[in-house]
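Next comes run-v9.tsv, a file with TSV, C-alpha atoms.
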chain	number	residue	atom	x	y	z
A	1	MET	CA	110.55	124.84	78.60
A	2	HIS	CA	111.56	121.55	76.98
A	3	ASP	CA	111.61	121.17	73.20
A	4	ARG	CA	112.69	117.59	72.76
A	5	ARG	CA	111.92	115.61	69.62
A	6	PRO	CA	111.72	111.83	70.04
A	7	ALA	CA	112.07	109.53	67.07
A	8	ALA	CA	108.98	107.57	68.11
A	9	VAL	CA	106.24	107.42	70.73
A	10	ALA	CA	105.09	103.93	71.74
A	11	ARG	CA	101.68	103.94	73.40
A	12	CYS	CA	101.52	100.81	75.54
A	13	VAL	CA	98.33	99.16	76.77
A	14	ASP	CA	99.78	96.32	78.86
A	15	ALA	CA	102.99	94.91	80.30
A	16	ALA	CA	103.67	92.87	77.15
A	17	ASP	CA	103.79	96.09	75.13
A	18	VAL	CA	106.20	97.61	77.63
A	19	MET	CA	108.48	94.58	77.44
A	20	ALA	CA	108.50	94.75	73.64
A	21	VAL	CA	109.31	98.47	73.57
A	22	VAL	CA	112.15	98.15	76.09
A	23	ARG	CA	113.67	95.28	74.12
A	24	PHE	CA	113.33	97.18	70.85
A	25	ALA	CA	114.97	100.32	72.20
A	26	LYS	CA	117.80	98.31	73.73
A	27	GLY	CA	118.37	96.33	70.54
A	28	ALA	CA	118.33	99.45	68.38
A	29	GLY	CA	120.60	101.37	70.73
A	30	LEU	CA	118.03	104.14	71.15
A	31	PRO	CA	117.51	106.34	74.21
A	32	LEU	CA	114.34	105.45	76.11
A	33	SER	CA	112.22	107.74	78.26
A	34	VAL	CA	109.11	106.75	80.21
A	35	ARG	CA	106.01	108.92	80.28
A	36	GLY	CA	103.54	108.19	83.07
A	37	GLY	CA	101.32	111.10	84.07
A	38	ASN	CA	103.30	113.54	81.86
A	39	HIS	CA	103.89	115.72	84.94
A	40	SER	CA	107.71	115.72	84.98
A	41	VAL	CA	108.98	119.28	85.43
A	42	PRO	CA	112.56	118.32	84.37
A	43	GLY	CA	111.08	116.68	81.27
A	44	TYR	CA	112.23	113.14	82.00
A	45	GLY	CA	109.23	111.76	80.11
A	46	THR	CA	110.62	112.91	76.74
A	47	CYS	CA	113.94	112.42	74.96
A	48	ASP	CA	115.61	113.56	71.76
A	49	ASP	CA	115.99	111.04	68.93
A	50	GLY	CA	114.83	108.13	71.03
A	51	VAL	CA	111.68	106.29	72.07
A	52	VAL	CA	109.06	107.67	74.44
A	53	LEU	CA	107.36	104.77	76.21
A	54	ASP	CA	103.90	106.18	76.94
A	55	LEU	CA	102.03	104.44	79.76
A	56	SER	CA	98.77	106.38	79.35
A	57	GLY	CA	97.07	103.27	77.96
A	58	ILE	CA	97.71	101.44	81.25
A	59	ARG	CA	95.44	103.72	83.23
A	60	TYR	CA	93.24	101.81	85.65
A	61	VAL	CA	92.48	101.55	89.36
A	62	ARG	CA	90.98	98.41	90.91
A	63	VAL	CA	89.94	98.64	94.54
A	64	ASP	CA	89.47	95.79	96.99
A	65	PRO	CA	87.55	97.56	99.78
A	66	ARG	CA	87.58	94.58	102.14
A	67	ALA	CA	91.34	94.17	102.00
A	68	ARG	CA	91.81	97.96	101.74
A	69	ARG	CA	94.04	97.56	98.72
A	70	ALA	CA	94.22	99.22	95.32
A	71	ARG	CA	95.89	97.94	92.16
A	72	VAL	CA	96.91	100.90	89.99
A	73	GLY	CA	98.17	100.94	86.41
A	74	GLY	CA	101.46	102.65	85.62
A	75	GLY	CA	99.74	105.35	83.56
A	76	ALA	CA	97.14	106.36	86.16
A	77	VAL	CA	97.08	109.85	87.66
A	78	LEU	CA	96.21	110.86	91.20
A	79	GLY	CA	92.69	111.90	90.23
A	80	ASP	CA	92.03	108.35	89.00
A	81	LEU	CA	93.25	106.90	92.28
A	82	ASP	CA	91.38	109.35	94.51
A	83	HIS	CA	88.11	108.96	92.59
A	84	ALA	CA	88.18	105.16	92.66
A	85	THR	CA	89.14	104.80	96.31
A	86	HIS	CA	86.80	107.54	97.55
A	87	ALA	CA	83.83	105.48	96.36
A	88	PHE	CA	84.63	103.17	99.28
A	89	GLY	CA	85.61	105.87	101.80
A	90	LEU	CA	89.30	105.05	101.39
A	91	ALA	CA	92.47	106.87	100.34
A	92	THR	CA	96.25	106.72	100.38
A	93	PRO	CA	98.62	109.68	100.84
A	94	ALA	CA	99.63	111.42	97.61
A	95	GLY	CA	100.32	114.82	96.10
A	96	PHE	CA	97.62	117.46	95.74
A	97	VAL	CA	97.47	118.13	91.98
A	98	SER	CA	95.20	115.47	90.53
A	99	THR	CA	96.91	115.35	87.12
A	100	THR	CA	100.18	114.13	88.68
A	101	GLY	CA	101.18	110.62	87.64
A	102	VAL	CA	100.92	107.98	90.35
A	103	GLY	CA	104.11	106.33	89.13
A	104	GLY	CA	106.54	109.23	89.20
A	105	LEU	CA	105.19	110.48	92.52
A	106	THR	CA	105.45	107.08	94.20
A	107	LEU	CA	108.91	106.24	92.93
A	108	GLY	CA	110.23	109.58	94.19
A	109	GLY	CA	108.73	109.00	97.64
A	110	GLY	CA	105.45	110.87	97.44
A	111	ILE	CA	104.73	113.59	99.99
A	112	GLY	CA	101.01	113.81	100.70
A	113	ALA	CA	100.43	117.33	101.99
A	114	TYR	CA	97.21	116.31	103.74
A	115	LEU	CA	97.62	112.67	104.84
A	116	SER	CA	101.35	111.93	105.17
A	117	ARG	CA	101.55	113.05	108.80
A	118	ARG	CA	98.98	110.34	109.60
A	119	TYR	CA	99.76	107.60	107.06
A	120	GLY	CA	103.30	108.24	105.77
A	121	LEU	CA	104.64	108.78	102.28
A	122	THR	CA	103.03	107.33	99.18
A	123	CYS	CA	105.92	104.87	98.91
A	124	ASP	CA	105.37	103.79	102.53
A	125	ASN	CA	101.97	102.54	101.41
A	126	LEU	CA	103.32	100.65	98.42
A	127	LEU	CA	102.88	96.91	98.95
A	128	ALA	CA	104.10	95.53	95.64
A	129	ALA	CA	104.89	96.45	92.04
A	130	ASP	CA	105.24	94.79	88.66
A	131	VAL	CA	108.37	96.05	86.91
A	132	VAL	CA	109.83	95.65	83.44
A	133	THR	CA	113.60	95.66	83.83
A	134	ALA	CA	116.18	97.08	81.42
A	135	ASP	CA	116.47	93.59	79.91
A	136	GLY	CA	112.79	93.63	79.03
A	137	GLU	CA	111.81	91.08	81.67
A	138	LEU	CA	108.71	91.40	83.86
A	139	VAL	CA	109.36	90.87	87.57
A	140	HIS	CA	107.32	91.25	90.74
A	141	ALA	CA	108.76	93.28	93.62
A	142	SER	CA	107.60	93.17	97.23
A	143	GLU	CA	108.99	92.61	100.71
A	144	ASP	CA	109.18	88.88	99.95
A	145	GLU	CA	110.06	88.88	96.25
A	146	ASN	CA	112.97	90.87	94.82
A	147	PRO	CA	113.22	92.83	98.08
A	148	ASP	CA	116.25	94.86	96.95
A	149	LEU	CA	114.32	96.15	93.96
A	150	PHE	CA	111.31	96.84	96.16
A	151	TRP	CA	113.55	98.87	98.49
A	152	ALA	CA	114.83	100.93	95.56
A	153	LEU	CA	111.36	101.58	94.13
A	154	ARG	CA	110.33	103.30	97.37
A	155	GLY	CA	112.03	106.64	96.90
A	156	GLY	CA	114.81	105.81	94.45
A	157	GLY	CA	113.12	107.42	91.46
A	158	GLY	CA	112.56	105.98	88.01
A	159	ASN	CA	115.99	104.39	87.74
A	160	PHE	CA	115.29	100.69	88.10
A	161	GLY	CA	112.72	99.76	85.48
A	162	VAL	CA	109.28	100.59	84.11
A	163	VAL	CA	106.56	99.97	86.69
A	164	THR	CA	103.41	98.74	84.98
A	165	SER	CA	101.38	98.12	88.14
A	166	PHE	CA	101.40	99.30	91.76
A	167	GLU	CA	99.59	97.84	94.77
A	168	PHE	CA	98.82	100.26	97.61
A	169	ALA	CA	97.46	100.02	101.13
A	170	LEU	CA	94.38	102.19	101.70
A	171	HIS	CA	93.06	103.94	104.80
A	172	PRO	CA	89.63	105.14	105.92
A	173	VAL	CA	89.34	108.73	104.65
A	174	ASP	CA	86.01	110.08	103.44
A	175	GLN	CA	85.00	113.65	104.28
A	176	VAL	CA	87.71	116.05	105.43
A	177	VAL	CA	87.51	119.60	106.73
A	178	GLY	CA	89.95	121.99	105.15
A	179	GLY	CA	90.83	124.66	102.64
A	180	PRO	CA	92.93	127.83	102.40
A	181	VAL	CA	93.15	130.73	104.83
A	182	PHE	CA	94.69	133.84	103.20
A	183	PHE	CA	96.49	136.44	105.32
A	184	GLU	CA	97.88	139.91	104.75
A	185	LEU	CA	101.38	139.75	103.33
A	186	GLU	CA	102.67	142.10	106.02
A	187	ALA	CA	101.93	139.38	108.59
A	188	ALA	CA	103.83	136.66	106.69
A	189	GLY	CA	106.53	136.38	109.35
A	190	ASP	CA	104.02	135.82	112.12
A	191	VAL	CA	102.01	133.40	109.98
A	192	LEU	CA	105.03	131.33	108.92
A	193	ARG	CA	106.38	131.13	112.47
A	194	PHE	CA	102.92	130.12	113.69
A	195	TYR	CA	102.75	127.37	111.06
A	196	ARG	CA	106.25	126.13	111.94
A	197	ASP	CA	105.46	125.91	115.64
A	198	TYR	CA	101.87	124.71	115.35
A	199	VAL	CA	102.26	121.84	112.92
A	200	GLY	CA	104.89	120.07	115.02
A	201	ASP	CA	102.57	119.78	118.01
A	202	ALA	CA	99.30	119.26	116.15
A	203	SER	CA	97.45	115.97	115.85
A	204	ARG	CA	98.63	113.82	112.96
A	205	ASP	CA	95.18	114.21	111.42
A	206	PHE	CA	96.10	117.86	110.76
A	207	GLY	CA	97.82	118.48	107.44
A	208	GLY	CA	98.48	121.26	105.01
A	209	PHE	CA	101.13	123.74	104.00
A	210	PHE	CA	102.23	127.37	104.09
A	211	ALA	CA	102.63	129.36	100.85
A	212	PHE	CA	103.09	132.72	99.20
A	213	GLN	CA	100.71	133.28	96.30
A	214	ILE	CA	99.16	136.01	94.19
A	215	ALA	CA	95.45	135.96	95.04
A	216	PRO	CA	93.48	134.35	92.20
A	217	PRO	CA	90.05	135.63	91.11
A	218	LEU	CA	88.05	133.22	93.26
A	219	PRO	CA	84.58	134.11	94.60
A	220	PHE	CA	85.52	133.88	98.27
A	221	ILE	CA	88.37	136.39	97.88
A	222	PRO	CA	87.24	140.05	97.84
A	223	GLU	CA	87.42	141.32	94.28
A	224	GLU	CA	89.58	144.28	95.27
A	225	ARG	CA	92.23	141.83	96.55
A	226	HIS	CA	92.46	139.81	93.33
A	227	GLY	CA	96.05	140.04	92.11
A	228	ASP	CA	97.49	141.00	95.50
A	229	THR	CA	100.39	138.96	96.84
A	230	LEU	CA	99.29	137.23	100.05
A	231	CYS	CA	100.43	134.40	102.27
A	232	LEU	CA	98.24	131.47	103.21
A	233	ILE	CA	97.96	128.27	105.16
A	234	VAL	CA	96.12	125.48	103.39
A	235	THR	CA	94.54	123.33	106.08
A	236	SER	CA	93.25	119.79	106.25
A	237	TRP	CA	91.66	117.82	109.06
A	238	ALA	CA	91.06	114.10	108.52
A	239	GLY	CA	89.94	113.30	112.07
A	240	ALA	CA	86.52	113.44	113.70
A	241	ALA	CA	84.45	116.26	112.19
A	242	ASP	CA	83.35	117.58	115.59
A	243	GLU	CA	87.02	118.17	116.49
A	244	ALA	CA	87.87	120.14	113.35
A	245	GLU	CA	87.19	123.62	114.70
A	246	ASP	CA	89.32	123.01	117.78
A	247	VAL	CA	92.27	122.20	115.52
A	248	LEU	CA	91.71	124.53	112.57
A	249	GLY	CA	90.32	127.49	114.52
A	250	PRO	CA	93.71	128.56	115.93
A	251	VAL	CA	95.05	128.93	112.38
A	252	ARG	CA	92.89	132.04	111.95
A	253	SER	CA	94.72	133.66	114.85
A	254	ALA	CA	98.04	133.55	113.01
A	255	GLY	CA	97.46	136.98	111.43
A	256	PRO	CA	94.92	139.31	109.78
A	257	VAL	CA	92.68	137.11	107.61
A	258	VAL	CA	91.89	138.41	104.11
A	259	ALA	CA	89.72	135.47	103.04
A	260	GLU	CA	89.15	131.81	103.77
A	261	HIS	CA	87.39	128.86	102.23
A	262	VAL	CA	87.49	126.21	104.96
A	263	GLY	CA	84.76	123.64	105.38
A	264	PRO	CA	83.77	120.00	105.02
A	265	MET	CA	84.28	118.41	101.63
A	266	PRO	CA	85.01	115.04	100.01
A	267	TYR	CA	88.71	114.27	100.16
A	268	PRO	CA	89.12	114.31	96.34
A	269	ALA	CA	87.71	117.85	96.28
A	270	LEU	CA	90.53	119.07	98.50
A	271	GLN	CA	93.03	117.03	96.52
A	272	SER	CA	92.04	118.75	93.27
A	273	ALA	CA	91.40	122.24	94.67
A	274	PHE	CA	94.54	123.68	93.06
A	275	ASP	CA	94.21	122.00	89.65
A	276	ALA	CA	92.96	125.19	87.99
A	277	LEU	CA	96.19	126.94	88.91
A	278	VAL	CA	98.29	124.31	87.12
A	279	PRO	CA	96.76	123.94	83.64
A	280	ALA	CA	98.53	121.96	80.94
A	281	GLY	CA	100.97	123.81	78.72
A	282	LEU	CA	102.61	126.14	81.24
A	283	ARG	CA	106.34	126.70	81.42
A	284	HIS	CA	107.88	125.44	84.67
A	285	TYR	CA	111.01	125.97	86.73
A	286	TRP	CA	111.03	124.41	90.21
A	287	LYS	CA	113.53	124.02	93.03
A	288	SER	CA	113.08	122.04	96.24
A	289	ASP	CA	115.07	121.24	99.35
A	290	PHE	CA	114.65	119.57	102.74
A	291	VAL	CA	115.55	121.18	106.05
A	292	LYS	CA	115.79	119.75	109.53
A	293	GLU	CA	114.71	122.98	111.16
A	294	LEU	CA	112.89	126.06	109.91
A	295	THR	CA	115.01	128.53	111.85
A	296	ASP	CA	114.27	132.23	112.23
A	297	ASP	CA	117.04	132.86	109.69
A	298	ALA	CA	115.29	130.53	107.24
A	299	VAL	CA	112.01	132.34	107.88
A	300	ALA	CA	113.77	135.63	107.10
A	301	VAL	CA	114.98	134.28	103.76
A	302	HIS	CA	111.44	133.22	102.88
A	303	LEU	CA	110.16	136.66	103.81
A	304	GLU	CA	112.74	138.21	101.50
A	305	HIS	CA	112.02	136.08	98.45
A	306	GLY	CA	108.49	134.71	98.88
A	307	PRO	CA	106.68	137.99	98.12
A	308	ARG	CA	108.46	138.11	94.75
A	309	VAL	CA	106.33	135.35	93.22
A	310	PRO	CA	105.98	136.65	89.65
A	311	SER	CA	102.75	135.04	88.46
A	312	MET	CA	99.41	133.84	89.80
A	313	THR	CA	100.39	130.22	89.20
A	314	SER	CA	103.79	130.50	90.93
A	315	THR	CA	104.29	129.73	94.62
A	316	MET	CA	106.84	129.30	97.34
A	317	HIS	CA	105.48	126.69	99.73
A	318	ILE	CA	106.52	124.54	102.68
A	319	TYR	CA	105.33	121.03	103.62
A	320	PRO	CA	105.89	119.21	106.91
A	321	ILE	CA	107.95	116.00	106.87
A	322	ASP	CA	107.09	114.50	110.24
A	323	GLY	CA	104.62	112.24	111.98
A	324	ALA	CA	104.22	108.85	110.33
A	325	VAL	CA	106.89	109.72	107.75
A	326	GLN	CA	109.49	109.65	110.51
A	327	ASP	CA	108.09	106.48	112.07
A	328	VAL	CA	109.74	104.54	109.24
A	329	PRO	CA	113.48	103.97	109.87
A	330	SER	CA	115.60	106.02	107.47
A	331	GLY	CA	117.24	102.98	105.87
A	332	GLU	CA	114.07	100.99	105.32
A	333	THR	CA	113.38	102.58	101.93
A	334	ALA	CA	115.41	104.53	99.37
A	335	PHE	CA	113.75	107.83	100.34
A	336	GLY	CA	116.61	109.74	101.92
A	337	GLN	CA	115.02	112.75	103.62
A	338	ARG	CA	113.11	111.28	106.56
A	339	ASP	CA	115.28	113.14	109.03
A	340	ALA	CA	114.10	116.49	107.64
A	341	ASP	CA	111.15	118.25	109.24
A	342	PHE	CA	110.14	120.41	106.28
A	343	SER	CA	110.27	120.39	102.49
A	344	VAL	CA	110.82	123.84	100.97
A	345	ASN	CA	109.59	124.34	97.41
A	346	ILE	CA	109.80	127.11	94.82
A	347	ALA	CA	107.50	126.54	91.84
A	348	GLY	CA	107.67	128.99	88.96
A	349	MET	CA	104.90	128.57	86.38
A	350	TRP	CA	104.09	130.94	83.53
A	351	GLU	CA	102.85	131.05	79.92
A	352	ASP	CA	104.95	133.47	77.85
A	353	PRO	CA	108.39	132.26	76.68
A	354	ALA	CA	109.48	135.90	76.59
A	355	ALA	CA	109.12	135.97	80.39
A	356	ASP	CA	111.56	133.12	81.02
A	357	ASP	CA	114.28	135.31	82.53
A	358	GLU	CA	111.80	136.95	84.88
A	359	HIS	CA	110.59	133.64	86.27
A	360	VAL	CA	113.73	131.48	86.41
Written as structure tokens, how would this file's structure read?
Amino acid sequence: MHDRRPAAVARCVDAADVMAVVRFAKGAGLPLSVRGGNHSVPGYGTCDDGVVLDLSGIRYVRVDPRARRARVGGGAVLGDLDHATHAFGLATPAGFVSTTGVGGLTLGGGIGAYLSRRYGLTCDNLLAADVVTADGELVHASEDENPDLFWALRGGGGNFGVVTSFEFALHPVDQVVGGPVFFELEAAGDVLRFYRDYVGDASRDFGGFFAFQIAPPLPFIPEERHGDTLCLIVTSWAGAADEAEDVLGPVRSAGPVVAEHVGPMPYPALQSAFDALVPAGLRHYWKSDFVKELTDDAVAVHLEHGPRVPSMTSTMHIYPIDGAVQDVPSGETAFGQRDADFSVNIAGMWEDPAADDEHV
């Protein structure tokens, strides 16, 4: 929905390029926007009559499997990170659309729908970063060097400089067991209350989210149900494979199951499972909030509005914010929602500009 026209796009390939572009924009008095993965729904990666600093040329991932560390370029996307780390049976928590930029996700905090209950937010796994400041200087930020800047980078958003390189801690994650379980819409109240109550007591190796969605034309969904509005729980189990059924099996009891596609798979396969529903070029309007408790009144509001999702790519979904995320003291990073238990998200996505009013 953004139609911004920058004066120039500077495609950077290293930190020296970034320094030069920042200094140029500052000297010329031009607005500067930073484009990482080009996944910003508010359109922060583009500006009118200014300079777009494009990091897509700094797109690399270097893994040290012995140290369980990854060095990631500022223009890398989650698919790059997951692919490179999976080769060594490692991963770090991150979002679940593989075209999302690593940079924007990390700087905002980074909720990993599948691994954050076990390993925390993406920013909790950030060990260090190289940052070009507003003065065009390159600095290193970590617990020991520029610690105030390092604090701000972990959840404070893209307000403190251009990050050209991230260093992350990695964890042993190879095969997972998971996937979506679709339920009849009429049972959405029972399913959502089950999810609310179950996830809080489940092992931290259990992850996933609840959602409302129009059933896509996927082979495992009966053809006659394609296009029906359903509710679902997307599941993930990153623990021992022989324990998966004990943990995931109860999910099927939440309500009448329409279809499911749950099984063992490489972690990157689960991470990218929803990519086809978020193709490039869609129009977007999203809203999110954090709640301490998903009360029965809150469930009732979701039941009122969730079934109104207007397109197959639109969802209303809920993530847990608990486990390892809440092990980190609230003031230790700039991420300000650790005291919440759930993140509530409304994501409207559609193609036709004429349908804007219907979707917003």
Could you jot down the CA of Ala215 (chain A) to CA of Gly263 (chain A) separation for me, Å, one decimal place? 19.3 Å
Using all atoms listed in the file for the distances, tell me which of A:Ala10, A:Val262, A:Ala298, A:Leu170 is nearest to Phe88 (chain A). A:Leu170
If we count only C-alpha atoms, what is near Val258 (chain A) at a cut-off of 10 Å, once residues fewer than 4 positions away on the same chain are taken out, given as number ranges by chain? A: 181-185, 220-222, 225, 230-232
Neighbouring residues of region 113-129 of chain A were defined as those with any atom within 6 Å, considering only C-alpha atoms; residues of the same chain fewer than 6 positions away were excluded. Please report them as a PyMOL selection string. chain A and resi 93-94+106+140-142+154+165-169+204-205+207-208+236+322-325
Name the residues in contact with Pro6 (chain A) at a cut-off of 12 Å, using all atoms listed in the file, excluding same-chain residues fewer than 4 positions from it; report them as a ChimeraX atom specification. /A:2,10,30-34,45-54
Next, the residues of the selection above should be written as a JSON list (two decimals), in the frame of the given file with C-alpha atoms.
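Written out: selection14.json:
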[["chain", "number", "residue", "atom", "x", "y", "z"],
["A", 2, "HIS", "CA", 111.56, 121.55, 76.98],
["A", 10, "ALA", "CA", 105.09, 103.93, 71.74],
["A", 30, "LEU", "CA", 118.03, 104.14, 71.15],
["A", 31, "PRO", "CA", 117.51, 106.34, 74.21],
["A", 32, "LEU", "CA", 114.34, 105.45, 76.11],
["A", 33, "SER", "CA", 112.22, 107.74, 78.26],
["A", 34, "VAL", "CA", 109.11, 106.75, 80.21],
["A", 45, "GLY", "CA", 109.23, 111.76, 80.11],
["A", 46, "THR", "CA", 110.62, 112.91, 76.74],
["A", 47, "CYS", "CA", 113.94, 112.42, 74.96],
["A", 48, "ASP", "CA", 115.61, 113.56, 71.76],
["A", 49, "ASP", "CA", 115.99, 111.04, 68.93],
["A", 50, "GLY", "CA", 114.83, 108.13, 71.03],
["A", 51, "VAL", "CA", 111.68, 106.29, 72.07],
["A", 52, "VAL", "CA", 109.06, 107.67, 74.44],
["A", 53, "LEU", "CA", 107.36, 104.77, 76.21],
["A", 54, "ASP", "CA", 103.90, 106.18, 76.94]]
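Relative to CA of Gly103 (chain A), CA of Val21 (chain A) is found at 18.2 Å.
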In Å, how far is it from CA of Ala8 (chain A) to CA of Arg71 (chain A)? 29.0 Å
